[in-house]
>>> print(open('work36.tsv').read())   # TSV, C-alpha atoms and all ligand atoms
chain	number	residue	atom	x	y	z
J	1014	MET	CA	-67.74	-28.06	15.90
J	1015	HIS	CA	-68.14	-25.81	12.86
J	1016	SER	CA	-66.59	-27.77	9.99
J	1017	GLN	CA	-67.62	-25.87	6.91
J	1018	GLY	CA	-64.17	-24.73	5.94
J	1019	ARG	CA	-62.41	-24.66	2.60
J	1020	THR	CA	-62.87	-28.35	2.04
J	1021	HIS	CA	-66.60	-28.41	2.72
J	1022	ASN	CA	-67.76	-28.18	-0.88
J	1023	LEU	CA	-64.88	-30.21	-2.25
J	1024	ALA	CA	-65.65	-33.70	-3.52
J	1025	HIS	CA	-63.41	-36.51	-2.29
J	1026	SER	CA	-60.68	-37.59	-4.68
J	1027	PRO	CA	-61.97	-40.10	-7.25
J	1028	ILE	CA	-59.35	-42.55	-6.07
J	1029	GLY	CA	-60.89	-42.62	-2.60
J	1030	ALA	CA	-64.33	-43.00	-4.21
J	1031	ALA	CA	-63.08	-45.92	-6.32
J	1032	PHE	CA	-61.69	-47.64	-3.25
J	1033	GLY	CA	-65.04	-47.02	-1.55
J	1034	LEU	CA	-66.82	-48.85	-4.39
J	1035	LEU	CA	-64.35	-51.66	-4.10
J	1036	ALA	CA	-64.88	-52.03	-0.36
J	1037	ALA	CA	-68.59	-52.59	-1.01
J	1038	HIS	CA	-68.07	-55.16	-3.74
J	1039	THR	CA	-67.19	-58.83	-3.65
J	1040	PRO	CA	-65.56	-59.73	-6.95
J	1041	VAL	CA	-66.70	-62.91	-8.64
J	1042	ARG	CA	-63.69	-63.02	-10.94
J	1043	PRO	CA	-60.22	-61.68	-10.22
J	1044	LEU	CA	-60.50	-57.89	-10.11
J	1045	LEU	CA	-59.02	-55.89	-13.00
J	1046	ASN	CA	-57.97	-52.79	-11.14
J	1047	LEU	CA	-57.41	-49.92	-13.58
J	1048	SER	CA	-58.03	-47.21	-11.01
J	1049	GLN	CA	-55.07	-45.60	-9.27
J	1050	ALA	CA	-51.98	-45.37	-11.48
J	1051	ALA	CA	-49.58	-47.14	-9.21
J	1052	PRO	CA	-46.67	-49.37	-10.17
J	1053	SER	CA	-47.66	-52.94	-9.33
J	1054	PHE	CA	-44.04	-54.09	-9.25
J	1055	ALA	CA	-41.33	-53.83	-6.58
J	1056	PRO	CA	-38.65	-51.12	-6.64
J	1057	PRO	CA	-35.15	-52.07	-7.77
J	1058	ALA	CA	-32.94	-53.95	-5.33
J	1059	ALA	CA	-30.56	-50.98	-5.15
J	1060	ILE	CA	-33.35	-49.03	-3.47
J	1061	SER	CA	-34.49	-51.68	-1.00
J	1062	GLU	CA	-30.91	-52.34	0.03
J	1063	ARG	CA	-30.16	-48.67	0.54
J	1064	VAL	CA	-33.36	-48.14	2.50
J	1065	ALA	CA	-32.47	-51.01	4.86
J	1066	GLN	CA	-29.01	-49.56	5.31
J	1067	VAL	CA	-30.28	-46.03	6.03
J	1068	ALA	CA	-32.63	-47.38	8.68
J	1069	HIS	CA	-29.56	-48.46	10.65
J	1070	GLU	CA	-27.66	-45.20	10.26
J	1071	PRO	CA	-27.66	-42.80	13.23
J	1072	ASP	CA	-29.17	-39.98	11.17
J	1073	GLY	CA	-31.53	-42.26	9.23
J	1074	GLY	CA	-34.59	-40.85	10.95
J	1075	ARG	CA	-33.57	-37.21	11.14
J	1076	TYR	CA	-34.97	-34.25	9.24
J	1077	VAL	CA	-33.09	-33.32	6.13
J	1078	PRO	CA	-32.20	-29.82	4.93
J	1079	GLN	CA	-35.46	-28.31	3.85
J	1080	GLN	CA	-34.68	-28.03	0.18
J	1081	GLY	CA	-33.77	-31.72	0.12
J	1082	LEU	CA	-30.68	-33.91	0.44
J	1083	ALA	CA	-27.88	-32.12	-1.38
J	1084	PRO	CA	-26.68	-35.21	-3.30
J	1085	LEU	CA	-30.22	-35.95	-4.45
J	1086	ARG	CA	-30.74	-32.40	-5.70
J	1087	ARG	CA	-27.40	-32.67	-7.50
J	1088	ALA	CA	-28.18	-36.08	-8.99
J	1089	PHE	CA	-31.59	-34.95	-10.21
J	1090	ALA	CA	-30.26	-31.66	-11.58
J	1091	ASP	CA	-27.64	-33.73	-13.42
J	1092	GLU	CA	-30.25	-36.08	-14.85
J	1093	LEU	CA	-32.40	-33.21	-16.10
J	1094	SER	CA	-29.36	-31.36	-17.44
J	1095	ARG	CA	-28.24	-34.46	-19.32
J	1096	ASP	CA	-31.71	-35.22	-20.69
J	1097	HIS	CA	-32.29	-31.63	-21.82
J	1098	ASN	CA	-28.79	-30.72	-22.88
J	1099	ALA	CA	-28.80	-27.81	-20.44
J	1100	THR	CA	-27.26	-26.75	-17.15
J	1101	ILE	CA	-29.59	-26.87	-14.19
J	1102	ASP	CA	-28.29	-25.71	-10.86
J	1103	ASP	CA	-28.97	-27.87	-7.80
J	1104	ASP	CA	-30.34	-24.72	-6.12
J	1105	GLU	CA	-33.05	-24.78	-8.75
J	1106	VAL	CA	-34.35	-28.10	-7.40
J	1107	LEU	CA	-36.66	-28.42	-4.40
J	1108	ILE	CA	-37.34	-31.96	-3.21
J	1109	THR	CA	-40.95	-32.39	-2.09
J	1110	ALA	CA	-43.11	-35.12	-0.61
J	1111	GLY	CA	-44.24	-36.22	-4.07
J	1112	CYS	CA	-45.26	-34.31	-7.16
J	1113	ASN	CA	-48.63	-33.47	-5.63
J	1114	GLN	CA	-46.93	-31.48	-2.91
J	1115	ALA	CA	-44.72	-29.85	-5.54
J	1116	PHE	CA	-47.85	-28.61	-7.30
J	1117	CYS	CA	-49.57	-27.43	-4.14
J	1118	VAL	CA	-46.65	-25.40	-2.85
J	1119	THR	CA	-45.93	-23.92	-6.27
J	1120	ALA	CA	-49.54	-22.94	-6.91
J	1121	SER	CA	-49.86	-21.45	-3.43
J	1122	ALA	CA	-46.62	-19.53	-3.75
J	1123	LEU	CA	-47.83	-18.01	-7.02
J	1124	THR	CA	-51.37	-17.02	-6.07
J	1125	ILE	CA	-53.70	-15.33	-3.61
J	1126	PRO	CA	-57.44	-16.06	-3.36
J	1127	GLY	CA	-59.30	-14.57	-6.32
J	1128	ASP	CA	-56.47	-15.24	-8.77
J	1129	ASN	CA	-56.89	-17.80	-11.51
J	1130	ILE	CA	-54.80	-20.52	-13.11
J	1131	VAL	CA	-55.45	-22.01	-16.53
J	1132	LEU	CA	-55.75	-25.82	-16.56
J	1133	ALA	CA	-55.65	-27.77	-19.81
J	1134	VAL	CA	-58.69	-30.10	-19.99
J	1135	PRO	CA	-58.74	-32.98	-19.21
J	1136	TYR	CA	-56.86	-31.84	-16.11
J	1137	TYR	CA	-55.32	-33.82	-13.26
J	1138	PHE	CA	-58.01	-33.81	-10.56
J	1139	ASN	CA	-55.70	-32.93	-7.64
J	1140	HIS	CA	-54.67	-29.72	-9.41
J	1141	GLU	CA	-58.26	-28.56	-9.65
J	1142	MET	CA	-59.00	-29.67	-6.08
J	1143	TRP	CA	-56.05	-27.77	-4.65
J	1144	LEU	CA	-56.89	-24.58	-6.50
J	1145	THR	CA	-60.44	-24.80	-5.16
J	1146	VAL	CA	-59.12	-25.17	-1.61
J	1147	GLU	CA	-56.94	-22.12	-2.17
J	1148	GLY	CA	-59.80	-19.98	-3.48
J	1149	VAL	CA	-58.11	-19.82	-6.88
J	1150	GLU	CA	-60.30	-20.15	-9.96
J	1151	SER	CA	-59.48	-22.95	-12.39
J	1152	ARG	CA	-59.90	-21.59	-15.92
J	1153	MET	CA	-60.65	-24.44	-18.26
J	1154	LEU	CA	-58.65	-24.61	-21.46
J	1155	GLU	CA	-60.66	-26.93	-23.67
J	1156	PRO	CA	-58.60	-29.33	-25.75
J	1157	GLY	CA	-57.99	-28.84	-29.44
J	1158	LYS	CA	-57.50	-31.52	-32.06
J	1159	ASN	CA	-56.09	-34.79	-30.69
J	1160	LEU	CA	-56.47	-33.40	-27.17
J	1161	VAL	CA	-53.63	-30.94	-27.72
J	1162	PRO	CA	-54.35	-27.56	-26.10
J	1163	SER	CA	-54.05	-24.46	-28.26
J	1164	VAL	CA	-51.87	-21.51	-27.33
J	1165	ASP	CA	-54.32	-19.11	-29.00
J	1166	ASP	CA	-57.20	-20.45	-26.94
J	1167	ALA	CA	-55.10	-20.14	-23.80
J	1168	ALA	CA	-54.24	-16.52	-24.64
J	1169	LYS	CA	-57.96	-15.68	-24.64
J	1170	LEU	CA	-58.37	-17.00	-21.07
J	1171	ILE	CA	-55.64	-14.87	-19.53
J	1172	ASP	CA	-56.59	-11.73	-17.61
J	1173	HIS	CA	-54.95	-9.55	-14.95
J	1174	ARG	CA	-55.61	-12.18	-12.24
J	1175	THR	CA	-54.10	-15.11	-14.18
J	1176	ARG	CA	-50.93	-16.39	-12.56
J	1177	ALA	CA	-50.08	-19.56	-14.47
J	1178	ILE	CA	-50.94	-22.10	-17.12
J	1179	VAL	CA	-50.64	-25.76	-16.15
J	1180	LEU	CA	-49.76	-28.49	-18.63
J	1181	VAL	CA	-49.44	-32.17	-17.77
J	1182	THR	CA	-47.37	-34.08	-20.30
J	1183	PRO	CA	-47.68	-36.97	-20.85
J	1184	GLY	CA	-51.21	-36.28	-19.73
J	1185	ASN	CA	-53.10	-37.81	-16.88
J	1186	PRO	CA	-55.74	-38.93	-17.88
J	1187	SER	CA	-55.21	-38.52	-21.63
J	1188	GLY	CA	-51.77	-40.11	-21.95
J	1189	VAL	CA	-51.03	-37.51	-24.65
J	1190	THR	CA	-47.43	-36.28	-24.89
J	1191	LEU	CA	-47.19	-32.67	-26.03
J	1192	LYS	CA	-44.53	-32.09	-28.66
J	1193	PRO	CA	-41.74	-29.68	-27.71
J	1194	ASP	CA	-42.94	-27.01	-30.18
J	1195	ILE	CA	-46.34	-26.92	-28.45
J	1196	VAL	CA	-44.72	-26.63	-25.04
J	1197	HIS	CA	-42.46	-23.88	-26.38
J	1198	GLY	CA	-45.51	-21.99	-27.72
J	1199	PHE	CA	-47.00	-22.03	-24.22
J	1200	PHE	CA	-43.70	-20.89	-22.75
J	1201	ASP	CA	-43.55	-17.91	-25.13
J	1202	LEU	CA	-47.12	-16.95	-24.30
J	1203	CYS	CA	-46.50	-17.17	-20.55
J	1204	ARG	CA	-43.26	-15.21	-20.79
J	1205	GLU	CA	-44.94	-12.51	-22.84
J	1206	ARG	CA	-47.81	-12.21	-20.37
J	1207	GLY	CA	-45.62	-12.37	-17.27
J	1208	ILE	CA	-47.20	-15.52	-15.85
J	1209	ALA	CA	-45.78	-18.93	-14.93
J	1210	LEU	CA	-45.83	-22.05	-17.05
J	1211	ILE	CA	-46.14	-25.05	-14.74
J	1212	ILE	CA	-45.45	-28.39	-16.41
J	1213	ASP	CA	-46.21	-31.56	-14.49
J	1214	GLU	CA	-43.81	-34.14	-15.90
J	1215	THR	CA	-44.67	-37.06	-13.63
J	1216	TYR	CA	-44.71	-39.41	-16.63
J	1217	ARG	CA	-41.74	-37.91	-18.50
J	1218	SER	CA	-39.91	-41.25	-18.61
J	1219	PHE	CA	-42.95	-42.97	-20.09
J	1220	ARG	CA	-43.18	-40.89	-23.27
J	1221	ALA	CA	-43.28	-42.73	-26.53
J	1222	ALA	CA	-40.94	-40.11	-28.00
J	1223	THR	CA	-37.22	-40.21	-27.42
J	1224	GLY	CA	-35.17	-37.04	-26.95
J	1225	PRO	CA	-35.82	-34.21	-24.54
J	1226	SER	CA	-39.40	-33.44	-23.51
J	1227	HIS	CA	-38.62	-29.77	-24.34
J	1228	LEU	CA	-35.62	-27.49	-24.66
J	1229	LEU	CA	-36.84	-24.75	-22.37
J	1230	TYR	CA	-33.99	-25.05	-19.88
J	1231	GLN	CA	-31.75	-23.82	-22.68
J	1232	GLN	CA	-33.60	-20.49	-22.86
J	1233	SER	CA	-31.88	-17.74	-20.96
J	1234	GLY	CA	-33.97	-16.66	-17.98
J	1235	TRP	CA	-36.21	-19.75	-18.20
J	1236	GLN	CA	-36.53	-19.56	-14.43
J	1237	ASN	CA	-38.61	-16.37	-14.73
J	1238	THR	CA	-41.38	-18.33	-16.42
J	1239	LEU	CA	-41.01	-22.08	-16.11
J	1240	VAL	CA	-41.60	-24.41	-13.15
J	1241	THR	CA	-41.45	-28.14	-13.84
J	1242	LEU	CA	-42.83	-30.71	-11.42
J	1243	HIS	CA	-41.55	-34.24	-11.07
J	1244	SER	CA	-42.24	-37.49	-9.31
J	1245	PHE	CA	-40.09	-40.44	-8.39
J	1246	SER	CA	-43.19	-42.51	-7.62
J	1247	LYS	CA	-43.60	-44.14	-11.03
J	1248	ASP	CA	-40.02	-43.91	-12.28
J	1249	LEU	CA	-38.70	-45.90	-9.35
J	1250	ALA	CA	-41.85	-47.70	-8.16
J	1251	ILE	CA	-41.78	-45.91	-4.79
J	1252	PRO	CA	-45.12	-44.06	-4.58
J	1253	GLY	CA	-45.35	-44.70	-0.84
J	1254	TYR	CA	-41.99	-43.13	-0.11
J	1255	ARG	CA	-43.43	-39.77	-1.15
J	1256	VAL	CA	-40.73	-38.05	-3.09
J	1257	GLY	CA	-40.88	-35.64	-5.99
J	1258	ALA	CA	-39.44	-32.29	-7.00
J	1259	ALA	CA	-40.13	-28.79	-8.24
J	1260	VAL	CA	-37.58	-27.21	-10.56
J	1261	GLY	CA	-37.60	-23.45	-11.02
J	1262	ALA	CA	-36.32	-20.10	-9.82
J	1263	LYS	CA	-34.45	-20.12	-6.52
J	1264	HIS	CA	-36.55	-17.28	-5.12
J	1265	LEU	CA	-39.80	-19.11	-5.99
J	1266	LEU	CA	-38.54	-22.31	-4.39
J	1267	GLY	CA	-37.69	-20.23	-1.31
J	1268	GLU	CA	-41.33	-19.15	-1.15
J	1269	CYS	CA	-42.44	-22.76	-1.60
J	1270	MET	CA	-40.22	-23.80	1.29
J	1271	LYS	CA	-42.20	-21.59	3.66
J	1272	ILE	CA	-45.20	-23.80	2.96
J	1273	VAL	CA	-43.23	-27.05	3.02
J	1274	ASP	CA	-41.97	-25.98	6.43
J	1275	CYS	CA	-45.53	-25.72	7.76
J	1276	ILE	CA	-46.97	-28.87	6.28
J	1277	ALA	CA	-44.10	-31.36	6.27
J	1278	ILE	CA	-40.90	-29.57	7.43
J	1279	CYS	CA	-39.14	-31.49	4.68
J	1280	ALA	CA	-39.80	-34.40	2.36
J	1281	PRO	CA	-39.18	-37.76	4.10
J	1282	ARG	CA	-35.50	-38.65	4.40
J	1283	ILE	CA	-36.05	-42.30	3.66
J	1284	GLY	CA	-37.80	-41.47	0.40
J	1285	GLN	CA	-35.01	-39.12	-0.60
J	1286	GLU	CA	-32.40	-41.78	0.11
J	1287	ALA	CA	-34.46	-44.23	-1.93
J	1288	ALA	CA	-34.71	-41.82	-4.85
J	1289	LEU	CA	-31.00	-41.08	-4.71
J	1290	ALA	CA	-30.13	-44.79	-4.79
J	1291	GLY	CA	-32.48	-45.17	-7.74
J	1292	LEU	CA	-30.98	-42.27	-9.69
J	1293	ARG	CA	-27.50	-43.56	-9.03
J	1294	HIS	CA	-27.90	-47.29	-9.55
J	1295	ALA	CA	-31.17	-48.16	-11.28
J	1296	GLY	CA	-30.69	-46.74	-14.77
J	1297	GLU	CA	-30.96	-50.09	-16.47
J	1298	TRP	CA	-33.88	-51.21	-14.31
J	1299	ARG	CA	-35.73	-48.03	-15.29
J	1300	SER	CA	-35.22	-48.70	-19.00
J	1301	VAL	CA	-36.54	-52.24	-18.58
J	1302	GLN	CA	-39.66	-50.98	-16.78
J	1303	THR	CA	-40.42	-48.22	-19.27
J	1304	GLU	CA	-40.03	-50.70	-22.13
J	1305	ARG	CA	-42.30	-53.17	-20.35
J	1306	ILE	CA	-44.97	-50.51	-19.89
J	1307	ALA	CA	-44.57	-49.45	-23.53
J	1308	ASP	CA	-45.23	-53.10	-24.50
J	1309	LEU	CA	-48.37	-53.12	-22.36
J	1310	HIS	CA	-49.42	-49.89	-24.06
J	1311	ARG	CA	-49.03	-51.42	-27.52
J	1312	GLN	CA	-51.04	-54.41	-26.42
J	1313	PHE	CA	-53.74	-52.23	-24.87
J	1314	GLN	CA	-53.98	-50.17	-28.08
J	1315	GLY	CA	-54.19	-53.41	-30.02
J	1316	VAL	CA	-57.09	-54.90	-28.07
J	1317	MET	CA	-58.95	-51.58	-27.98
J	1318	GLN	CA	-58.77	-51.20	-31.75
J	1319	ALA	CA	-61.77	-53.49	-32.08
J	1320	GLU	CA	-63.72	-51.16	-29.71
J	1321	PRO	CA	-64.76	-54.06	-27.46
J	1322	GLY	CA	-68.33	-53.57	-26.26
J	1323	GLY	CA	-68.39	-50.16	-27.97
J	1324	PHE	CA	-65.68	-48.73	-25.68
J	1325	GLU	CA	-63.65	-46.34	-27.84
J	1326	LEU	CA	-60.02	-45.53	-27.09
J	1327	VAL	CA	-59.74	-41.77	-27.66
J	1328	SER	CA	-56.10	-41.36	-26.63
J	1329	SER	CA	-53.48	-43.21	-24.65
J	1330	GLY	CA	-49.90	-43.13	-23.48
J	1331	ALA	CA	-47.74	-43.36	-20.36
J	1332	TYR	CA	-49.94	-45.30	-17.90
J	1333	PHE	CA	-53.35	-44.33	-19.28
J	1334	GLY	CA	-56.09	-44.99	-21.76
J	1335	TRP	CA	-58.78	-42.30	-22.12
J	1336	VAL	CA	-61.82	-44.23	-23.19
J	1337	ARG	CA	-65.33	-43.21	-24.30
J	1338	HIS	CA	-68.01	-45.52	-22.95
J	1339	PRO	CA	-70.93	-46.41	-25.20
J	1340	TRP	CA	-73.81	-44.98	-23.11
J	1341	PRO	CA	-73.90	-41.19	-23.63
J	1342	GLN	CA	-77.34	-41.00	-22.04
J	1343	ARG	CA	-76.12	-42.57	-18.77
J	1344	SER	CA	-74.11	-41.01	-15.97
J	1345	THR	CA	-70.50	-42.11	-16.12
J	1346	LEU	CA	-70.51	-42.71	-12.37
J	1347	ASP	CA	-73.25	-45.30	-12.89
J	1348	VAL	CA	-71.28	-46.88	-15.69
J	1349	ILE	CA	-68.23	-47.16	-13.43
J	1350	GLY	CA	-70.35	-48.81	-10.74
J	1351	GLU	CA	-71.78	-51.27	-13.21
J	1352	LEU	CA	-68.39	-52.13	-14.70
J	1353	LEU	CA	-67.35	-53.12	-11.22
J	1354	THR	CA	-70.44	-55.05	-10.23
J	1355	THR	CA	-71.00	-56.91	-13.49
J	1356	ARG	CA	-67.48	-57.24	-14.92
J	1357	ASP	CA	-65.14	-56.85	-11.93
J	1358	VAL	CA	-63.39	-53.97	-13.69
J	1359	LEU	CA	-62.49	-50.89	-11.64
J	1360	ALA	CA	-61.71	-47.64	-13.49
J	1361	ILE	CA	-61.93	-43.92	-12.75
J	1362	PRO	CA	-64.82	-41.82	-14.10
J	1363	GLY	CA	-63.79	-39.15	-16.57
J	1364	THR	CA	-65.88	-36.65	-14.61
J	1365	ALA	CA	-62.90	-36.38	-12.23
J	1366	PHE	CA	-60.87	-34.74	-15.02
J	1367	THR	CA	-63.41	-32.60	-16.88
J	1368	PRO	CA	-65.85	-29.91	-15.79
J	1369	ASP	CA	-68.85	-32.01	-16.88
J	1370	ASP	CA	-69.79	-35.55	-17.87
J	1371	ARG	CA	-68.35	-36.39	-21.30
J	1372	SER	CA	-68.89	-40.17	-21.17
J	1373	MET	CA	-65.18	-40.74	-20.57
J	1374	ILE	CA	-63.35	-43.24	-18.40
J	1375	ARG	CA	-59.69	-43.35	-17.39
J	1376	MET	CA	-58.10	-46.77	-17.49
J	1377	SER	CA	-54.63	-47.22	-15.99
J	1378	PHE	CA	-53.66	-50.12	-18.19
J	1379	ALA	CA	-50.11	-50.09	-16.82
J	1380	ASN	CA	-51.46	-51.64	-13.61
J	1381	LEU	CA	-52.24	-54.85	-15.49
J	1382	ASN	CA	-50.12	-57.60	-17.00
J	1383	ALA	CA	-50.41	-58.87	-20.58
J	1384	ALA	CA	-52.93	-61.61	-19.78
J	1385	GLU	CA	-55.08	-59.18	-17.82
J	1386	ILE	CA	-55.18	-56.74	-20.75
J	1387	ASP	CA	-56.58	-59.51	-22.97
J	1388	GLU	CA	-59.05	-60.36	-20.23
J	1389	LEU	CA	-60.06	-56.69	-20.00
J	1390	ALA	CA	-61.01	-56.68	-23.69
J	1391	THR	CA	-63.06	-59.85	-23.19
J	1392	ARG	CA	-64.92	-58.35	-20.25
J	1393	LEU	CA	-65.56	-55.02	-22.00
J	1394	ALA	CA	-67.02	-56.94	-24.92
J	1395	GLU	CA	-69.46	-58.88	-22.72
H	1	LIG	C1	-50.11	-35.91	-13.25
H	1	LIG	C2	-49.73	-36.35	-11.88
H	1	LIG	N1	-49.14	-35.49	-11.05
H	1	LIG	C3	-48.80	-35.85	-9.81
H	1	LIG	C4	-49.03	-37.11	-9.35
H	1	LIG	C5	-48.67	-37.45	-7.94
H	1	LIG	O1	-47.39	-37.96	-7.89
H	1	LIG	P1	-46.65	-38.20	-6.50
H	1	LIG	O2	-46.88	-39.61	-6.12
H	1	LIG	O3	-45.22	-37.93	-6.81
H	1	LIG	O4	-47.21	-37.21	-5.55
H	1	LIG	C6	-49.64	-38.05	-10.16
H	1	LIG	C7	-49.92	-39.41	-9.66
H	1	LIG	O5	-50.76	-40.12	-10.11
H	1	LIG	C8	-50.01	-37.66	-11.45
H	1	LIG	O6	-50.63	-38.50	-12.27
>>> encode(input="work36.tsv", output="structure tokens", more="lines below")
Ligand SMILES: Cc1ncc(COP(=O)(O)O)c(C=O)c1O
Amino acid sequence: MHSQGRTHNLAHSPIGAAFGLLAAHTPVRPLLNLSQAAPSFAPPAAISERVAQVAHEPDGGRYVPQQGLAPLRRAFADELSRDHNATIDDDEVLITAGCNQAFCVTASALTIPGDNIVLAVPYYFNHEMWLTVEGVESRMLEPGKNLVPSVDDAAKLIDHRTRAIVLVTPGNPSGVTLKPDIVHGFFDLCRERGIALIIDETYRSFRAATGPSHLLYQQSGWQNTLVTLHSFSKDLAIPGYRVGAAVGAKHLLGECMKIVDCIAICAPRIGQEAALAGLRHAGEWRSVQTERIADLHRQFQGVMQAEPGGFELVSSGAYFGWVRHPWPQRSTLDVIGELLTTRDVLAIPGTAFTPDDRSMIRMSFANLNAAEIDELATRLAE
């Protein structure tokens, strides 16, 4: 069979590669797994109970309306409206099978092969992978000071085939939260140039800052420019239920639904019921978890201050530390392999998030507990 299609030249996701390394390794000490950013704790009881209940309901296994369960769209539109002091219509919410699917359908609905999309570096690897599959060029927007992208630099990358700029805030892998005025600057640029601003807000709840992540939903006609992407995976500790959302113009979501129809028909009902139960009943649980992860972040920053073993914390936030390893002359992939074999530490190479090797490593510190973060510093220092 001829199998040299769109995926042929695409590297496997770094998460798969990390798990591959793990499969070939027998840890001597308990593994410190800083690879995939996945909540290591159980979802709130309100979710598990609701999921068990739905499984017994006659329509528990049926498809749902393609745009998503109406009460979930309403509850999420309400949450965003409350958080941003704005009015978001439930028709402006599309429930997807996770934030990854939200990105894929949005990017595909906005582009044709040969177009380009601007990605702020370091980018989220699945964004770049999907654009490659779609024959869409990823234009790299190199970071400015403190890893904050510059609007002026972005303006220089835009041409007649540019369809969108993508920001991820807080960033994966950088952990950096962009301040509202920066996000607003990008919005103005995109509006002026008639392109979309896509903001992946998977880690919105894990910002250090309080207050709204931006005030763009208050701008009249925001839907002509802005699409925000969301995930319930981390907020509610349900990554396996596959539920996220895209928020934007109704007509754009209609286009996205054509693709959702082909690849999934609709996002899983059980995940949507889980997310709805979480939005309705797990407010306090969510605050406890975000505070707990903020504590882990403070501790991680604390232990990394001493630059154990020469590993330098460049930025951090949400779930991630973006760390420079001390061997610029070595390939980061090798360094990752050695961290696993000699220190039983699994992390993701920075090469997954940048166009070339910059001696960076992504560490998902939020996967660990307090004792493990101390242990990480000890092992890095070895
Ligand atoms: C920036 C970013 N976007 C999207 C996702 C995927 O989220 P979901 O599980 O909702 O598909 C992740 C998960 O790690 C992420 O870090």
>>> residues_near_ligand(input="work36.tsv", ligand="ligand LIG 1 (chain H)", cutoff="9 Å", atoms="all atoms listed in the file", output="ChimeraX atom specification")
/J:1049-1051,1109-1116,1136-1140,1181-1186,1213-1216,1242-1247,1251-1258,1332
>>> atom_distance(input="work36.tsv", atom1="atom CA of Asn1380 of chain J", atom2="atom CA of His1310 of chain J")
10.8 Å
>>> closest_residue(input="work36.tsv", among="J:Leu1035, J:Leu1123, J:Cys1117, J:Val1316", to="Glu1268 of chain J", atoms="all atoms listed in the file")
J:Leu1123
>>> closest_residue(input="work36.tsv", among="J:Ala1068, J:Leu1289, J:Ala1222, J:Ala1031", to="Asp1091 of chain J", atoms="all atoms listed in the file")
J:Leu1289
>>> closest_residue(input="work36.tsv", among="J:Glu1092, J:Glu1155, J:Asp1128, J:Asp1357", to="Thr1175 of chain J", atoms="all atoms listed in the file")
J:Asp1128
>>> closest_residue(input="work36.tsv", among="J:Ser1328, J:Thr1190, J:Asn1022, J:Thr1039", to="Pro1225 of chain J", atoms="all atoms listed in the file")
J:Thr1190
>>> residues_around(input="work36.tsv", residues="Thr1241 of chain J", least_positions_apart="3", cutoff="7 Å", atoms="all atoms listed in the file", output="list in words")
Ile1211, Ile1212, Asp1213, Glu1214, Ala1259, Val1260 and Gly1261 of chain J
>>> closest_residue(input="work36.tsv", among="J:Leu1389, J:Ile1283, J:Gln1342, J:Leu1229", to="Asp1072 of chain J", atoms="all atoms listed in the file")
J:Ile1283
>>> closest_residue(input="work36.tsv", among="J:Thr1020, J:Ser1053, J:Thr1124, J:Ser1372", to="Ile1306 of chain J", atoms="all atoms listed in the file")
J:Ser1053
